[in-house]
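Let me begin by presenting the structure, written as structure tokens, before commenting on it.
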Amino acid sequence: MGSQKRDLESTEEVEDEGPVGKIEPEQSRKKLRKEKKKGGENTSASSIKPMERLKKRKALDKDRRGIASVNDESKPVQTGMELKAADDTKEQPASSSSSGLPEFHITVFKDLVSVNALVREAAVEKMVMELQEVQKVYNKLGKKEFAERGLQLEAEKDDGLNNCAPSLRYAVRRLIRGVSSSRECARQGFALGLTILLHKIPCIEVKSLLKLIVNLLEVSSSMKGQEAKDCLLGRLFAYGALVRSGRLVEEWNSDKNTPYIKEFTSHIISLAAKKRYLQEPAVSIILDLVEKLPAEVLLSHVLEAPGINDWLEGATEVGNADALLLALKIREKISPDSKIFDKLLPNPFSTSKLFAPSHLSSLANCLKESTFCQPRIHSVWPVLVNSLLPDGVFQDEDVVSGPSTIKKHKRSRKCSSSKEDVAKNLQYFCEVIIEGSFLTSSHDRKHLAFDVLLLLFRRLPASFIPLVLSYKLVQCLMDVLSTKDTWLHKVAQHFLKELLDWVRHDDVRKVSVIMALQRHSSGRFDCITRTKTVKDLMAEFKTESGCLLFIQNLTSMFVDEGGASEEPSDQSQTTDDNSEIGSAEDKDSVGPLGNSDFLRSWVIDSLPGILKYLKLDPEAKFRVQKEILKFLSVQGLFSSSLGTEVTSFELQEKFRWPKAATSSALCRMCIEQLQSLLANAQKGEGQKMEGQEGEGQRALTNIREPIDLGSYFMRFLSTLRNIPSVSLFQTLNNEDEKAFTKLQAMESRLCREERNCLQERNLRLSATANKLHALRYLLIQLLLQVLLRPGEFSEAASELILCCKKAFSSSDILESSGDEELDVDETPKLMDVLVDTLLSLLPQSSAPVRSAIEQVFKYFCGDITDDGLLRMLRVIKKDLKPARHQDADSDDDSNDDDDFLDIEEAEEIDEAVGIDEAETGETGESDEQTDDSAAVVGEEADQEIPEVSDDSDGGMDDDTMFRMDTYLARIFLERKNQAGGETAHSQLVLFKLRVLSLLEIYLHENPGKPQVLSVYSNLAQAFVNPHSGEGSEQLGQRIWGILQKKIFKAKEYPKGEALQLSTLESLLEKNLKWASKPFKKNRSSENPSKKKQSASRNRHKMIGSLAQNSIFWILKIIDARKFPESELRQFFDIFKRVLVGYLDSKKIQIKSNFLKEIFRRRPWIGHHLLGFLLEKCGSAESEFRRVEALDLVIEILKSPLFLNTDGNGQEASKKMLKSHLPKFGLLIKVLVTKMPEKQARRAHVRKFCAKVFQIISTSNLTKSFLEDLPPDAHVACETHLGESFLALKKLGR
């Protein structure tokens, strides 16, 4: 195959070398002429077969190459002049002046192969201009023989181009052969040249051209592979050049009965039938001709061409999409229907008949076979899509949306009917072709289906999206996207990306696509495909109209999914003044539900999510919130007893329910989402109120009054409950029903009271309005909890209502129903009851209820009593089980509310924990014990045991103990028997975390109150307690964060006369002990794991850091109180004991840097302890500690008192130094007489002595110091201190 191709190209190259024959020997030239003449005669003979002609042409080419090689061997070495002459001979034109014709340069053919389009176009232009000049001169000659005696480029052939100049004949033949070349851009260049040449020079006859194309580019039986393909493609390009030149149209214009159009059509149809890849371009060439010819020519010439009838009739059987394309395009141009298209098009033709299911089934084979041109989409598809979705219908649809007139109403009816026809056609097309033929077939045809759908989307209106994104298509898309190991996965990803780009800026399209994807995937499209398609689309709603449209569609999906009719029944009746019942149908007649509950659950979850990324003005956002609230309220709280549709005249709205009763699980989901919606709305209102704090009372009124979602919900709830045919989704017992009614009434009263406070525009009343607002939302959340969990919250609701009555004792609030009255003298304090109520709600409350509780606590925590605060703190300290090896003496310690750090107890507990871990080896045993304790707590709660024998609960009375166990019992009551449920310990930790949130709010709102000290002490005790620390890392981290951020680093700290110095001293002493405690390794285990050792060491570091921060904080409080020195005797004794232990005991490992930081921050402590420190340093047992303690003395001497340069400061520092000179002398004597052995310590001692000598000399106390220094110390000082002491002695003289 390759040799045959090279032979053809070598033949062309030989023909390009016109002057080669002039340097050949005469004998060889004669032989060549004889062969040429013989070959020419054979060529002219019609009886010779094409195969024989090709063989002779190859033999001729072989002879030429042989002659050329002989010439190269036999010719002598040429001189420079001879080479130049030979070059001139090679460059001479094809036609010269010797023949009487203008020059034609055949080198232009080389430029036709260029990759550069501009070079090709320039070459074509040059070639055509030269050939036009040649032909013009040739036509003027009287005798053609004169020109024929000139230079001949080829042998005489019977090609029919008798009226053409030799150069033109050569060019035509050369161009036809050139379109079959596969070199670079040869086909494009030669086809362009042939097109322009045929158009510009009319003497080239069409008849001759058709004959030349067949003869020169005929495919013989010996041709295979690329050679045959080149010839076939060459014929295709040649026919295309003929059509684009316009010569066939000119032939018809000159002769209406011309046979060449039929002949051309027959040739190209025959060519299309040879190979599949030739069909589409061949039909494209025919369609180019069809566009240029009138309609009557198509019927009489094109459609009458031989072979076209058989080709069209067999199209449906073999699957010929190109025949269908040709039929569709020709039918657009001819008015009467032709029977030749009966197998492809309906007769008579109409769009409805074309897309009828029966006819589409007959075309399915043709359309399926159009996959051969992938990844490019076949040309038939844009034509079908244009017929399927015409522009006119949707343009008229736009017109209808304008102002209403009678004329437009008529057009609207026509448009609606046309739109219905288009929708029906589209539905049939998708069902038969896309779903029935492509999606059930190979991957290639699935790929084609996605490509065709992308074509449809460009013209598809939003109302037709559900027809295209059908169940089968969405299922296919999910299957492909969920399987990543196929090449079709990328195709589906591209389809999905294009789909999202198409809907991104159109809310109507976006809604339709989301609905289709979720409806056909039961709400799990993202989950199955592992994408975020639906989630991302939902996050892109930015307008109010888009959100409302989405909510409306979600509502319809929820209601209609079970098979409910969208059209209301005509059988409607009015039962009262407020409601109208419609669609009274039997609820038991339910269609196939399938996975409708999954889909409905997605609808419920998605509705509040719309607001997550929505950024609208408050009023627009409030309207969106109202629509979501109405849906959740209607579907989650109520049911209709007389039908699936109810109209409320008061609200002027119609509400619908599914035919099948909504499951209780979905109702609970609605209530939970409703709670979240109200909680988020309350948070949003709080943020706006904080942002407009400085704008006065008018800003508060403007925000609260119109935009109060809770108030709107309660009015909406009351209105629906007043409709007789509407009832709650479940029947409440008597207690819950009473609680529900009381909560409604109390919320209404509080709402009126809040409105009155806002109207007064008083700052005090504004704070009251905040309390009322928070209580109202808690009442609403509690009302929903009563519906969500019947029988569990009625008691808490009654207690909260009593708190509301007592907190706001206005005449309106205290209006009693006649069965209850308040005895103010005998009832406990309001805040104690409120705290108890809030704590009782925390264990089983949901996140929205906890948020409402926190809001109430935020506005009421300023009035909380000490008992209420301690009640909350005891929850943090509470453990399920006390330490098994706890000392009996801890009983006395736990009775003291201020005793938060018992060092001995902590050490024993630490050891006990280590023993427990060593005995069990794992946490399984402890978990079982914890579960047992949980069960015990649950049983005890049922029996109402009044007290618990837990030593850690000392100080509680019986009522307090009962309340505490009630809180804990509520934690475990619900889950104690659930398999796989959370353990009692984890539930207790969760309860503690919720109480910590309230305490954090308290510290934020009341940073300077004395009660902060009590909160600190209890939190510190809970943090140090090994049970709470090791039981939950999250709990420990939370307590640590609150202590650091809300207490130690707060801008304010506890102040006031209520702070007792004894309490502060006790806290200080125990913190100093804990900061001095060394780290002890676990002795119970021989080889403890590195992880346990690391965790234990980290915990020890955190406790040490807590103790140090606590000491700094306590000292700041003591310093701010300005206690007289006489009252601080015990305070200084504490530090003295710490210093003694630091200097004399190795067990006390308090850091010297920490003590230095204390003296640096609070210099007055160092001043008071200076003498004691000097004395103890001299008598210290440990040499290391004695030397290390010298830094403490230096730090004291660096205080501002000793560095002050004014007169009063110098006098005070001199007085203090003078009083301590003997102690300085004794210390220095000890240091120099017991000089350390290590070089570093000796240097440290010398540095200290030099610093003391400098300060003494600066204060002019040198002489007194030397007098107080013992005599035996002088020699030692001179020996060990040298120059510094001698200099001091000089100053003393």
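A note on labels: chains of the structure tokens are A, B, ... as shown, every chain counts residues from 1, and ligands are counted from 1 in their shown order.
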Region 1190-1205 of chain A surroundings by only C-alpha atoms, 8 Å radius, close-in-sequence under 5 positions cut, as a list in words: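 Contacts, in chain order: Ser1152, Leu1155, Lys1156, Phe1159, Arg1160, Pro1163, Gly1166, His1167, Leu1170, Leu1173, Leu1174, Cys1177, Gln1210, Ala1212, Ser1213, Val1245, Phe1248 and Lys1251 of chain A.
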Would you put the residues from that selection into a file with C-alpha atoms, as a PDB file, in the first residue's frame?
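Done, and the output landed in part_32.pdb:
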```
ATOM      1  CA  SER A1152      11.538  30.326  90.716  1.00  0.00           C
ATOM      2  CA  LEU A1155       7.882  33.606  92.110  1.00  0.00           C
ATOM      3  CA  LYS A1156       9.962  36.234  90.310  1.00  0.00           C
ATOM      4  CA  PHE A1159       7.408  39.947  92.785  1.00  0.00           C
ATOM      5  CA  ARG A1160       7.637  41.785  89.460  1.00  0.00           C
ATOM      6  CA  PRO A1163       6.411  44.634  94.212  1.00  0.00           C
ATOM      7  CA  GLY A1166       8.540  41.358  97.659  1.00  0.00           C
ATOM      8  CA  HIS A1167       9.230  44.377  99.826  1.00  0.00           C
ATOM      9  CA  LEU A1170      12.679  40.708 101.622  1.00  0.00           C
ATOM     10  CA  LEU A1173      13.828  35.746 102.232  1.00  0.00           C
ATOM     11  CA  LEU A1174      17.345  36.959 103.148  1.00  0.00           C
ATOM     12  CA  CYS A1177      18.375  31.943 102.092  1.00  0.00           C
ATOM     13  CA  GLN A1210      15.632  57.319  97.466  1.00  0.00           C
ATOM     14  CA  ALA A1212      12.365  55.123 101.255  1.00  0.00           C
ATOM     15  CA  SER A1213      14.645  52.648  99.508  1.00  0.00           C
ATOM     16  CA  VAL A1245      27.154  34.055  93.776  1.00  0.00           C
ATOM     17  CA  PHE A1248      24.737  38.523  93.241  1.00  0.00           C
ATOM     18  CA  LYS A1251      24.816  43.606  92.509  1.00  0.00           C
TER      19      LYS A1251
END
```
Residue neighbourhood region 458-461 of chain A, 12 Å, only C-alpha atoms, exclusion window fewer than 4 positions, as a PyMOL selection string: chain A and resi 382+385-395+397-398+419+422-423+426+451-454+465-469+498-499+501-503+506+508-510+512-513
Near-region 1125-1135 of chain A list (8 Å; only C-alpha atoms; drop same-chain fewer than 4 positions) as a list in words: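 Everything that qualifies: Glu1065, Glu1069, Leu1139, Ile1165, His1168 and Leu1169 of chain A.
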Minimum-distance residue to Lys126 (chain A), chosen among A:Leu287, A:Leu101, A:Leu197, A:Pro658 (using only C-alpha atoms): A:Leu197
Helix (DSSP H, G or I) positions in region 326-481 of chain A, given as an MDAnalysis selection string: chainID A and resid 326:333 339:341 351:354 357:373 380:388 391:400 406:438 443:457 462:468 471:481
Who sits within 9 Å of Thr529 (chain A), only C-alpha atoms, same chain under 6 positions skipped, as a PDB file with C-alpha atoms, in the first residue's frame:
```pdb
ATOM      1  CA  LEU A 477     -27.304   9.824  34.964  1.00  0.00           C
ATOM      2  CA  MET A 478     -27.055   8.654  38.578  1.00  0.00           C
ATOM      3  CA  ASP A 479     -25.841   5.202  37.524  1.00  0.00           C
ATOM      4  CA  VAL A 480     -23.103   6.693  35.355  1.00  0.00           C
ATOM      5  CA  LEU A 481     -22.001   9.289  37.910  1.00  0.00           C
ATOM      6  CA  SER A 482     -21.841   6.718  40.685  1.00  0.00           C
ATOM      7  CA  THR A 483     -19.490   4.502  38.620  1.00  0.00           C
TER       8      THR A 483
END
```
